[in-house]
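Undergrad: For reference, the file work-v1.txt (compact mmCIF, C-alpha atoms) is included below:
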# COMPACT_ATOMS: atom_id res chain seq x y z
CA MET A 1 115.48 153.45 157.06
CA ARG A 2 118.47 152.87 154.79
CA LEU A 3 119.21 149.66 156.63
CA LYS A 4 115.64 148.54 156.09
CA LYS A 5 115.92 149.27 152.33
CA LEU A 6 119.14 147.32 152.10
CA SER A 7 117.56 144.40 153.89
CA LEU A 8 114.59 144.47 151.59
CA LEU A 9 116.94 144.54 148.59
CA ARG A 10 118.85 141.54 149.91
CA VAL A 11 115.64 139.64 150.52
CA SER A 12 114.39 140.50 147.03
CA MET A 13 117.65 139.31 145.50
CA LEU A 14 117.48 136.12 147.53
CA VAL A 15 113.90 135.46 146.45
CA ALA A 16 114.72 136.17 142.80
CA GLY A 17 117.69 133.85 142.98
CA LEU A 18 115.64 131.10 144.53
CA ALA A 19 112.90 131.66 141.98
CA MET A 20 115.34 131.29 139.13
CA ALA A 21 116.75 128.15 140.67
CA VAL A 22 113.35 126.43 140.94
CA GLY A 23 111.87 127.94 137.78
CA VAL A 24 109.13 129.88 139.57
CA PRO A 25 108.23 133.14 137.92
CA SER A 26 109.54 136.10 139.77
CA TYR A 27 108.97 139.74 139.17
CA GLY A 28 111.10 140.80 136.26
CA ALA A 29 112.11 137.27 135.21
CA SER A 30 113.13 137.21 131.57
CA ALA A 31 111.10 135.39 128.95
CA HIS A 32 113.90 132.97 128.15
CA GLN A 33 113.13 130.97 131.28
CA TYR A 34 110.01 129.70 129.53
CA ALA A 35 110.88 129.92 125.91
CA SER A 36 114.11 127.94 126.39
CA ALA A 37 115.05 126.98 122.90
CA ALA A 38 113.42 123.69 121.89
CA ARG A 39 116.03 121.01 121.84
CA ALA A 40 116.30 119.03 118.62
CA LEU A 41 117.32 115.42 118.87
CA SER A 42 118.04 112.69 116.38
CA LEU A 43 116.60 109.60 117.95
CA HIS A 44 118.12 106.21 117.55
CA GLU A 45 116.72 104.03 120.28
CA ILE A 46 116.99 100.26 120.27
CA GLY A 47 114.70 98.42 122.64
CA HIS A 48 115.68 94.92 123.73
CA LEU A 49 112.32 93.60 124.73
CA ARG A 50 110.97 90.50 126.42
CA LEU A 51 107.40 89.32 126.55
CA ARG A 52 105.76 90.25 129.84
CA SER A 53 102.21 89.21 129.12
CA ARG A 54 99.78 88.32 126.34
CA HIS A 55 96.14 89.17 125.94
CA GLY A 56 94.77 86.64 123.53
CA SER A 57 97.27 85.21 121.13
CA ASN A 58 98.32 88.30 119.19
CA ASN A 59 98.22 91.11 121.73
CA LEU A 60 101.71 91.25 123.24
CA TYR A 61 103.04 93.40 126.06
CA GLU A 62 106.79 93.70 126.00
CA SER A 63 109.39 95.63 127.92
CA GLY A 64 113.11 95.82 128.40
CA THR A 65 116.18 98.00 128.30
CA GLN A 66 117.03 100.34 125.51
CA SER A 67 120.28 101.53 124.10
CA GLY A 68 121.01 104.40 121.79
CA THR A 69 120.86 108.17 121.94
CA LEU A 70 119.01 108.31 125.22
CA GLY A 71 119.17 104.87 126.82
CA GLY A 72 116.88 103.83 129.64
CA SER A 73 113.99 101.48 129.21
CA MET A 74 111.28 100.83 126.68
CA SER A 75 107.90 99.16 126.79
CA ALA A 76 105.62 98.32 123.92
CA GLN A 77 102.26 96.83 123.14
CA ILE A 78 102.32 95.01 119.80
CA VAL A 79 99.15 93.69 118.24
CA THR A 80 99.81 91.58 115.17
CA ALA A 81 97.46 90.91 112.29
CA TYR A 82 98.05 89.16 108.96
CA THR A 83 100.20 91.85 107.36
CA THR A 84 100.23 94.73 109.84
CA ALA A 85 101.10 95.30 113.45
CA SER A 86 99.87 98.03 115.73
CA VAL A 87 102.74 99.34 117.84
CA ASN A 88 102.32 101.46 120.98
CA PHE A 89 105.60 102.23 122.67
CA THR A 90 106.87 104.24 125.63
CA VAL A 91 110.49 105.28 125.88
CA ASN A 92 111.72 106.09 129.38
CA PRO A 93 115.23 107.50 129.38
CA GLY A 94 114.89 109.14 132.78
CA GLY A 95 113.70 112.64 133.55
CA GLY A 96 110.51 111.90 131.70
CA SER A 97 109.20 109.64 128.99
CA PHE A 98 107.61 109.86 125.58
CA ARG A 99 105.29 107.62 123.69
CA GLY A 100 104.22 106.91 120.16
CA GLN A 101 101.83 104.74 118.23
CA GLY A 102 101.02 103.65 114.72
CA LEU A 103 100.42 100.84 112.28
CA VAL A 104 103.43 99.26 110.61
CA SER A 105 103.86 96.47 108.10
CA TYR A 106 104.40 92.98 109.46
CA TYR A 107 105.68 89.90 107.75
CA VAL A 108 107.13 86.59 108.75
CA ALA A 109 110.16 84.67 107.56
CA GLY A 110 110.52 81.40 109.40
CA ASN A 111 110.97 81.91 113.10
CA THR A 112 111.41 85.69 112.78
CA ALA A 113 108.67 88.28 112.41
CA HIS A 114 109.59 91.69 111.03
CA PHE A 115 108.09 95.15 111.57
CA ASN A 116 108.67 98.25 109.50
CA GLY A 117 106.87 101.55 109.22
CA LYS A 118 106.28 105.06 110.44
CA VAL A 119 104.53 105.89 113.71
CA THR A 120 103.70 109.19 115.37
CA ILE A 121 105.04 110.51 118.66
CA THR A 122 101.92 111.29 120.67
CA GLY A 123 103.23 112.96 123.80
CA GLY A 124 105.57 112.90 126.72
CA THR A 125 106.13 113.63 130.36
CA GLY A 126 108.80 115.44 132.34
CA ARG A 127 111.46 116.92 130.09
CA PHE A 128 109.61 115.46 127.10
CA ALA A 129 106.32 117.10 128.00
CA HIS A 130 106.48 119.30 124.92
CA ILE A 131 107.91 116.78 122.54
CA SER A 132 107.03 117.35 118.91
CA HIS A 133 104.46 115.01 117.44
CA SER A 134 106.88 113.88 114.80
CA GLN A 135 106.75 110.82 112.64
CA VAL A 136 109.50 108.37 113.45
CA GLN A 137 110.54 105.14 111.82
CA VAL A 138 110.02 101.88 113.67
CA THR A 139 111.74 98.72 112.56
CA GLY A 140 111.94 95.53 114.50
CA ALA A 141 112.30 91.82 114.61
CA MET A 142 110.72 89.31 116.94
CA LEU A 143 111.44 85.66 117.55
CA ARG A 144 108.18 83.80 117.15
CA SER A 145 109.31 81.05 119.50
CA ASN A 146 109.59 83.26 122.60
CA TYR A 147 108.49 86.75 121.45
CA ALA A 148 111.84 88.32 122.31
CA ALA A 149 111.95 91.45 120.19
CA THR A 150 114.23 94.24 119.10
CA LEU A 151 112.49 97.50 118.30
CA THR A 152 114.43 100.39 116.76
CA ILE A 153 113.04 103.91 116.72
CA THR A 154 114.72 106.52 114.55
CA GLY A 155 113.79 110.04 113.63
CA ARG A 156 114.10 113.68 114.57
CA VAL A 157 112.13 115.18 117.42
CA SER A 158 112.24 118.38 119.37
CA PHE A 159 111.28 118.85 123.01
CA MET B 1 108.69 74.61 87.85
CA ARG B 2 108.81 71.15 86.43
CA ARG B 3 106.74 69.90 83.58
CA ILE B 4 104.74 66.76 83.71
CA ALA B 5 106.68 63.61 82.73
CA ILE B 6 104.31 61.40 80.77
CA LEU B 7 104.58 57.64 81.17
CA ILE B 8 104.00 56.59 77.58
CA SER B 9 104.07 52.90 78.45
CA MET B 10 100.79 53.31 80.29
CA GLY B 11 99.16 53.75 76.86
CA LEU B 12 97.11 56.70 77.81
CA ILE B 13 97.70 58.67 74.64
CA ALA B 14 94.92 58.33 72.11
CA ALA B 15 95.70 58.08 68.42
CA SER B 16 93.04 60.54 67.49
CA GLY B 17 94.22 64.07 66.79
CA ALA B 18 91.05 65.61 68.13
CA SER B 19 91.29 66.80 71.71
CA PRO B 20 88.65 68.14 74.03
CA ALA B 21 88.94 71.90 73.99
CA HIS B 22 88.53 74.17 76.96
CA ALA B 23 85.20 75.81 76.41
CA ASP B 24 82.50 77.73 78.20
CA ARG B 25 82.61 80.04 81.11
CA PRO B 26 84.22 78.49 84.19
CA VAL B 27 81.94 77.74 87.12
CA VAL B 28 83.50 77.58 90.57
CA LYS B 29 82.15 76.20 93.83
CA PHE B 30 84.03 77.46 96.85
CA ARG B 31 83.90 76.29 100.45
CA ALA B 32 85.67 77.52 103.56
CA TRP B 33 85.54 76.00 107.00
CA PHE B 34 87.47 75.68 110.25
CA THR B 35 88.60 72.69 112.25
CA PRO B 36 87.90 72.91 115.07
CA ASP B 37 85.23 75.54 114.73
CA ARG B 38 84.39 76.15 118.37
CA PRO B 39 84.76 79.70 119.72
CA GLY B 40 88.13 80.49 121.24
CA ALA B 41 89.86 77.55 119.59
CA GLY B 42 93.16 77.55 117.75
CA THR B 43 92.08 76.45 114.33
CA THR B 44 93.01 75.37 110.81
CA ILE B 45 91.45 77.10 107.82
CA HIS B 46 90.20 74.79 105.07
CA LEU B 47 89.62 76.04 101.54
CA GLY B 48 87.98 73.94 98.85
CA PHE B 49 87.36 74.64 95.17
CA LYS B 50 85.54 72.72 92.45
CA VAL B 51 85.95 74.05 88.93
CA GLY B 52 83.74 73.15 85.98
CA THR B 53 81.97 74.74 83.07
CA GLU B 54 78.37 75.44 82.23
CA SER B 55 78.42 72.79 79.50
CA GLY B 56 80.40 70.21 81.46
CA ALA B 57 83.48 70.54 79.24
CA ILE B 58 86.96 70.73 80.68
CA PRO B 59 87.45 74.17 82.21
CA PRO B 60 90.40 76.34 81.20
CA PRO B 61 93.45 76.11 83.47
CA VAL B 62 93.44 78.22 86.60
CA THR B 63 96.35 80.67 86.57
CA SER B 64 95.86 82.40 89.90
CA VAL B 65 93.80 82.13 93.05
CA ASN B 66 93.28 84.98 95.48
CA VAL B 67 91.49 84.38 98.75
CA ALA B 68 90.52 87.32 100.93
CA LEU B 69 91.00 86.17 104.50
CA PRO B 70 88.60 87.77 106.95
CA PRO B 71 89.75 89.79 109.95
CA GLY B 72 89.10 88.48 113.42
CA ILE B 73 90.88 85.14 113.16
CA GLU B 74 94.47 86.29 112.76
CA GLY B 75 95.63 85.16 116.17
CA ASP B 76 99.33 84.53 116.22
CA PRO B 77 99.82 81.32 114.31
CA THR B 78 103.29 79.86 114.70
CA LEU B 79 103.11 78.19 111.32
CA GLY B 80 106.16 78.12 109.14
CA GLN B 81 108.98 78.29 111.70
CA ALA B 82 111.55 77.52 109.04
CA VAL B 83 112.01 78.95 105.58
CA CYS B 84 111.98 76.53 102.65
CA ASP B 85 114.31 77.28 99.76
CA PRO B 86 112.32 76.78 96.55
CA ALA B 87 115.45 75.54 94.79
CA ALA B 88 115.87 72.78 97.37
CA LEU B 89 112.19 71.92 97.04
CA ALA B 90 112.54 71.67 93.28
CA LEU B 91 115.61 69.43 93.54
CA PHE B 92 114.66 67.16 96.40
CA GLY B 93 110.94 67.54 96.86
CA ALA B 94 109.54 67.83 100.38
CA ARG B 95 112.70 66.22 101.78
CA GLY B 96 114.59 69.33 100.71
CA CYS B 97 112.90 71.42 103.38
CA SER B 98 112.47 71.27 107.13
CA PRO B 99 109.14 69.85 108.33
CA ASN B 100 108.93 73.03 110.41
CA ALA B 101 108.37 74.94 107.17
CA VAL B 102 105.08 73.17 106.37
CA MET B 103 102.05 75.44 106.75
CA GLY B 104 99.31 73.38 105.20
CA ARG B 105 98.39 70.30 103.20
CA GLY B 106 95.82 69.32 100.66
CA PHE B 107 95.16 67.75 97.32
CA ALA B 108 94.33 68.76 93.78
CA VAL B 109 92.76 66.92 90.87
CA VAL B 110 93.64 67.94 87.36
CA VAL B 111 92.31 66.66 84.07
CA LEU B 112 94.51 66.06 81.07
CA GLY B 113 93.16 65.63 77.60
CA PHE B 114 94.75 62.98 75.41
CA GLY B 115 92.89 63.01 72.15
CA ALA B 116 89.38 61.90 72.98
CA SER B 117 90.48 60.54 76.33
CA ILE B 118 90.39 62.49 79.51
CA VAL B 119 92.67 61.48 82.34
CA ARG B 120 92.21 62.52 85.92
CA ASP B 121 95.37 63.04 87.92
CA ALA B 122 95.36 63.45 91.70
CA SER B 123 98.17 65.29 93.44
CA GLU B 124 99.12 65.80 97.05
CA LEU B 125 99.63 69.42 97.92
CA ALA B 126 101.89 70.92 100.59
CA ILE B 127 102.37 74.58 101.48
CA PHE B 128 105.76 75.67 102.79
CA MET B 129 106.92 78.96 104.30
CA GLY B 130 109.02 80.59 101.59
CA PRO B 131 111.57 83.40 101.62
CA PRO B 132 109.77 86.74 102.05
CA VAL B 133 109.11 88.71 98.88
CA GLU B 134 109.20 92.51 99.05
CA GLU B 135 108.57 92.42 102.80
CA HIS B 136 105.59 90.11 102.49
CA THR B 137 105.13 86.66 104.01
CA ALA B 138 105.53 84.23 101.14
CA MET B 139 104.71 80.59 100.51
CA VAL B 140 105.85 77.87 98.16
CA PHE B 141 103.33 75.24 97.05
CA LEU B 142 104.41 71.75 96.00
CA ALA B 143 101.99 69.51 94.13
CA VAL B 144 103.13 65.93 93.70
CA SER B 145 101.29 63.38 91.61
CA LYS B 146 102.36 59.78 91.23
CA SER B 147 99.58 58.19 89.24
CA PRO B 148 98.71 57.96 86.42
CA VAL B 149 101.47 60.42 85.61
CA PHE B 150 104.43 61.40 87.69
CA ALA B 151 104.72 65.15 88.22
CA GLU B 152 105.97 67.70 90.67
CA VAL B 153 104.83 71.26 90.23
CA LEU B 154 106.01 74.23 92.28
CA PHE B 155 104.17 77.48 92.50
CA HIS B 156 104.34 80.54 94.66
CA GLY B 157 102.05 82.48 96.93
CA ALA B 158 102.12 85.41 99.29
CA LEU B 159 100.13 87.02 102.06
CA LEU B 160 99.40 90.56 100.99
CA PRO B 161 97.44 93.46 102.41
CA ASN B 162 93.89 93.46 101.05
CA PRO B 163 93.52 96.62 98.94
CA ASN B 164 89.75 96.42 99.36
CA SER B 165 89.79 96.31 103.12
CA THR B 166 91.66 97.96 105.97
CA SER B 167 91.80 94.62 107.75
CA GLY B 168 92.08 91.06 106.62
CA ALA B 169 94.57 90.02 103.97
CA LEU B 170 94.85 88.46 100.53
CA LEU B 171 96.27 84.98 100.19
CA GLN B 172 97.50 84.97 96.62
CA ALA B 173 98.83 82.02 94.61
CA THR B 174 100.02 82.00 91.01
CA ILE B 175 99.62 78.64 89.28
CA PRO B 176 101.78 77.83 86.27
CA LEU B 177 100.34 76.22 83.17
CA ILE B 178 100.93 72.48 83.25
CA SER B 179 101.75 71.09 79.85
CA SER B 180 100.90 67.56 78.87
CA VAL B 181 101.76 66.01 75.52
CA PRO B 182 102.49 68.22 72.51
CA GLY B 183 99.30 69.33 70.83
CA ALA B 184 97.14 68.63 73.84
CA PRO B 185 95.66 71.39 75.99
CA ASP B 186 97.32 72.25 79.26
CA ALA B 187 96.06 70.42 82.32
CA SER B 188 93.12 71.95 84.17
CA VAL B 189 92.49 71.90 87.88
CA ILE B 190 88.97 70.67 88.56
CA SER B 191 89.18 70.45 92.31
CA MET B 192 91.52 71.56 95.02
CA GLU B 193 91.37 71.48 98.78
CA THR B 194 94.01 72.86 101.06
CA THR B 195 94.52 73.72 104.68
CA LEU B 196 96.35 76.57 106.32
CA GLY B 197 96.94 75.61 109.91
CA PRO B 198 98.29 72.97 112.28
CA GLU B 199 96.00 70.06 111.35
CA ASN B 200 98.09 67.03 110.36
CA ILE B 201 101.29 69.03 110.82
CA THR B 202 104.07 68.12 113.26
CA TYR B 203 107.09 70.27 113.98
CA TYR B 204 110.26 69.25 115.75
CA ASN B 205 112.39 70.96 118.32
CA TYR B 206 115.98 69.94 118.89
CA SER B 207 117.44 70.63 122.29
CA HIS B 208 120.36 69.03 124.12
CA GLY B 209 120.50 66.25 121.57
CA LYS B 210 116.83 65.38 121.96
CA ARG B 211 114.12 65.76 119.34
CA THR B 212 110.73 66.82 120.63
CA ALA B 213 107.65 66.83 118.45
CA PHE B 214 105.07 69.56 118.82
CA THR B 215 102.12 71.07 116.99
CA PRO B 216 102.31 74.72 115.96
CA GLU B 217 99.62 77.18 116.92
CA GLY B 218 96.92 77.90 114.42
CA PHE B 219 94.70 80.84 113.75
CA SER B 220 92.45 81.92 116.59
CA LEU B 221 88.70 81.91 116.54
CA PRO B 222 87.25 84.62 118.77
CA THR B 223 85.59 83.65 122.01
CA ARG B 224 82.35 84.93 120.54
CA CYS B 225 81.80 83.95 116.94
CA PRO B 226 79.82 86.22 114.64
CA ARG B 227 76.42 84.66 114.02
CA ALA B 228 76.87 84.98 110.25
CA GLY B 229 80.24 83.20 110.32
CA PHE B 230 83.39 84.44 108.62
CA PRO B 231 83.21 85.51 104.98
CA PHE B 232 85.87 84.41 102.52
CA VAL B 233 85.99 85.80 99.00
CA SER B 234 87.99 84.11 96.29
CA THR B 235 88.92 85.33 92.83
CA LEU B 236 90.11 82.78 90.28
CA ARG B 237 91.73 83.80 87.02
CA PHE B 238 91.87 81.43 84.08
CA ALA B 239 94.16 80.98 81.13
CA ASP B 240 91.44 82.13 78.74
CA GLY B 241 91.30 85.51 80.48
CA SER B 242 88.10 84.86 82.38
CA VAL B 243 87.79 85.82 86.02
CA THR B 244 85.41 84.29 88.53
CA LYS B 245 84.69 85.65 91.97
CA VAL B 246 83.07 83.40 94.56
CA LYS B 247 82.15 83.71 98.19
CA ALA B 248 81.96 81.27 101.06
CA VAL B 249 81.13 81.57 104.71
CA ALA B 250 83.00 79.54 107.30
CA PRO B 251 80.70 78.80 110.20
CA CYS B 252 81.98 79.17 113.71
CA GLY B 253 80.42 77.74 116.82
CA VAL B 254 77.73 75.95 114.83
CA LYS B 255 76.81 72.43 115.90
CA ALA B 256 78.05 69.62 113.65
CA HIS B 257 74.68 68.68 112.19
CA HIS B 258 74.07 72.26 111.12
CA ARG B 259 77.33 72.53 109.18
CA PRO B 260 76.87 73.07 105.45
CA ARG B 261 77.78 70.11 103.32
CA GLY B 262 80.11 70.45 100.38
Transcribe the structure of this file into structure tokens.

TA:
Amino acid sequence: MRLKKLSLLRVSMLVAGLAMAVGVPSYGASAHQYASAARALSLHEIGHLRLRSRHGSNNLYESGTQSGTLGGSMSAQIVTAYTTASVNFTVNPGGGSFRGQGLVSYYVAGNTAHFNGKVTITGGTGRFAHISHSQVQVTGAMLRSNYAATLTITGRVSF
Amino acid sequence: MRRIAILISMGLIAASGASPAHADRPVVKFRAWFTPDRPGAGTTIHLGFKVGTESGAIPPPVTSVNVALPPGIEGDPTLGQAVCDPAALALFGARGCSPNAVMGRGFAVVVLGFGASIVRDASELAIFMGPPVEEHTAMVFLAVSKSPVFAEVLFHGALLPNPNSTSGALLQATIPLISSVPGAPDASVISMETTLGPENITYYNYSHGKRTAFTPEGFSLPTRCPRAGFPFVSTLRFADGSVTKVKAVAPCGVKAHHRPRG
């Protein structure tokens, strides 16, 4: 009987350990497994983007690598108008991704177009699933001759 | 800006001290149209103004022109691929700037009063991409007249958000007063036509020692044009403080014989 109890205890400990390892709730698991403190992050992501496709003449789909706090890759849809540009971006640093969108100011100086404004983080996946819907600053420049663009995203988020 | 240099030897100055005064409320006729105007085409916007008065007297000088550009035709024009330095334009004229900075062309007719005589002066107009101003696309206009008076006048414009609309934009130009002879009224614009787009514009690319000519992309008409056309609204301000607002509709996809005549 005692042997049986010890075996049951060992099994329970093994199950609890496994549960903690994979994040599955186990009996008596502490609350901190779920309420792990939100991580605050100062973003500074620079996307080095190339045109992948166009829909019409001012609806651009761009993607490329990104450098900065997180690194990884970035993709963006940029729709330009006379003085504004709608920017939808996805940042993919690995382990998940997050996205944002908004309307920024747009102006042209010779062969370079410039973007500047605030957009809102709209959601994320993976480790960014609970990312705060913060406002972040987007600035950028794009060569009008080949649509190669640099897009910089800065701001504070938590996830 | 440069003032008009009057060629006295042409004998255009009248001895009489009386000069035709600017009088009456200004009356403006405004036209807007596209070339080409077929749906889906890259296009050039044309804007035309005729300024007069109710009594037929010389109108007061125009001091600014705002044109509200409609949404739906923005496209991604590749106009103005170089920036023109206004100082270079003032010193050297059009030769002071790259041809890749040209965004449009046109003409203007001004009237100058010399005593009882009225002289009409025609100028060629060119619009250049200028250095941005407060994060707005900016333009520099150069008006050059050679006869009967020689003059070069520079003025500035910008593409601004339209405060009265969430889409579209305001094309704004500020026109300086153009002096003539002492004692005579400033010159008055009585007609002006200009383009914004690739028509009659050639850019050049330099690569591996070779120069290649090409035409920039214009604005884009949608593949389905609105039946009512595209509305343009223009506000002209005059030196006497008066303001005139006029509207025009640029047809799109309408057959040639149905196009409105100016």

Undergrad: Residues of chain B were defined as contacting chain A if any atom lay at most 7 Å from it, counting all atoms listed in the file; please report them as a ChimeraX atom specification.

TA: /B:74-76,78,80-83,129,131-132,135-137,160-161,168-169

Undergrad: Just checking: using all atoms listed in the file, which residue out of A:Gln77, A:Asn92, A:Ser97, A:Thr65 ends up closest to Gly123 (chain A)?

TA: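 Under the stated criterion, the closest residue is A:Ser97.
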
Undergrad: Find the residues around Thr139 (chain A) up to 9 Å (all atoms listed in the file counted), leave out those fewer than 6 positions away in its own chain, and share them as an NGL selection string.

TA: :A and (104 or 114-118 or 150-154)

Undergrad: Please provide the set of residues having any atom within 6 Å of Ala149 (chain A), restricted to only C-alpha atoms, with same-chain residues fewer than 4 positions apart removed, written as a list in words.

TA: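 Once the adjacent positions are removed, what remains is Leu49, Ala141 and Met142 of chain A.
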
Undergrad: Could you write those residues out with C-alpha atoms, as a compact mmCIF listing (two decimals), in the frame of the given file?

TA:
# COMPACT_ATOMS: atom_id res chain seq x y z
CA LEU A 49 112.32 93.60 124.73
CA ALA A 141 112.30 91.82 114.61
CA MET A 142 110.72 89.31 116.94

Undergrad: Using all atoms listed in the file, can you tell me which of A:Val138, A:Ser73, A:His55, A:Asn146 comes closest to Asn88 (chain A)?

TA: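 Using all atoms listed in the file, Asn88 (chain A) sits closest to A:Val138.
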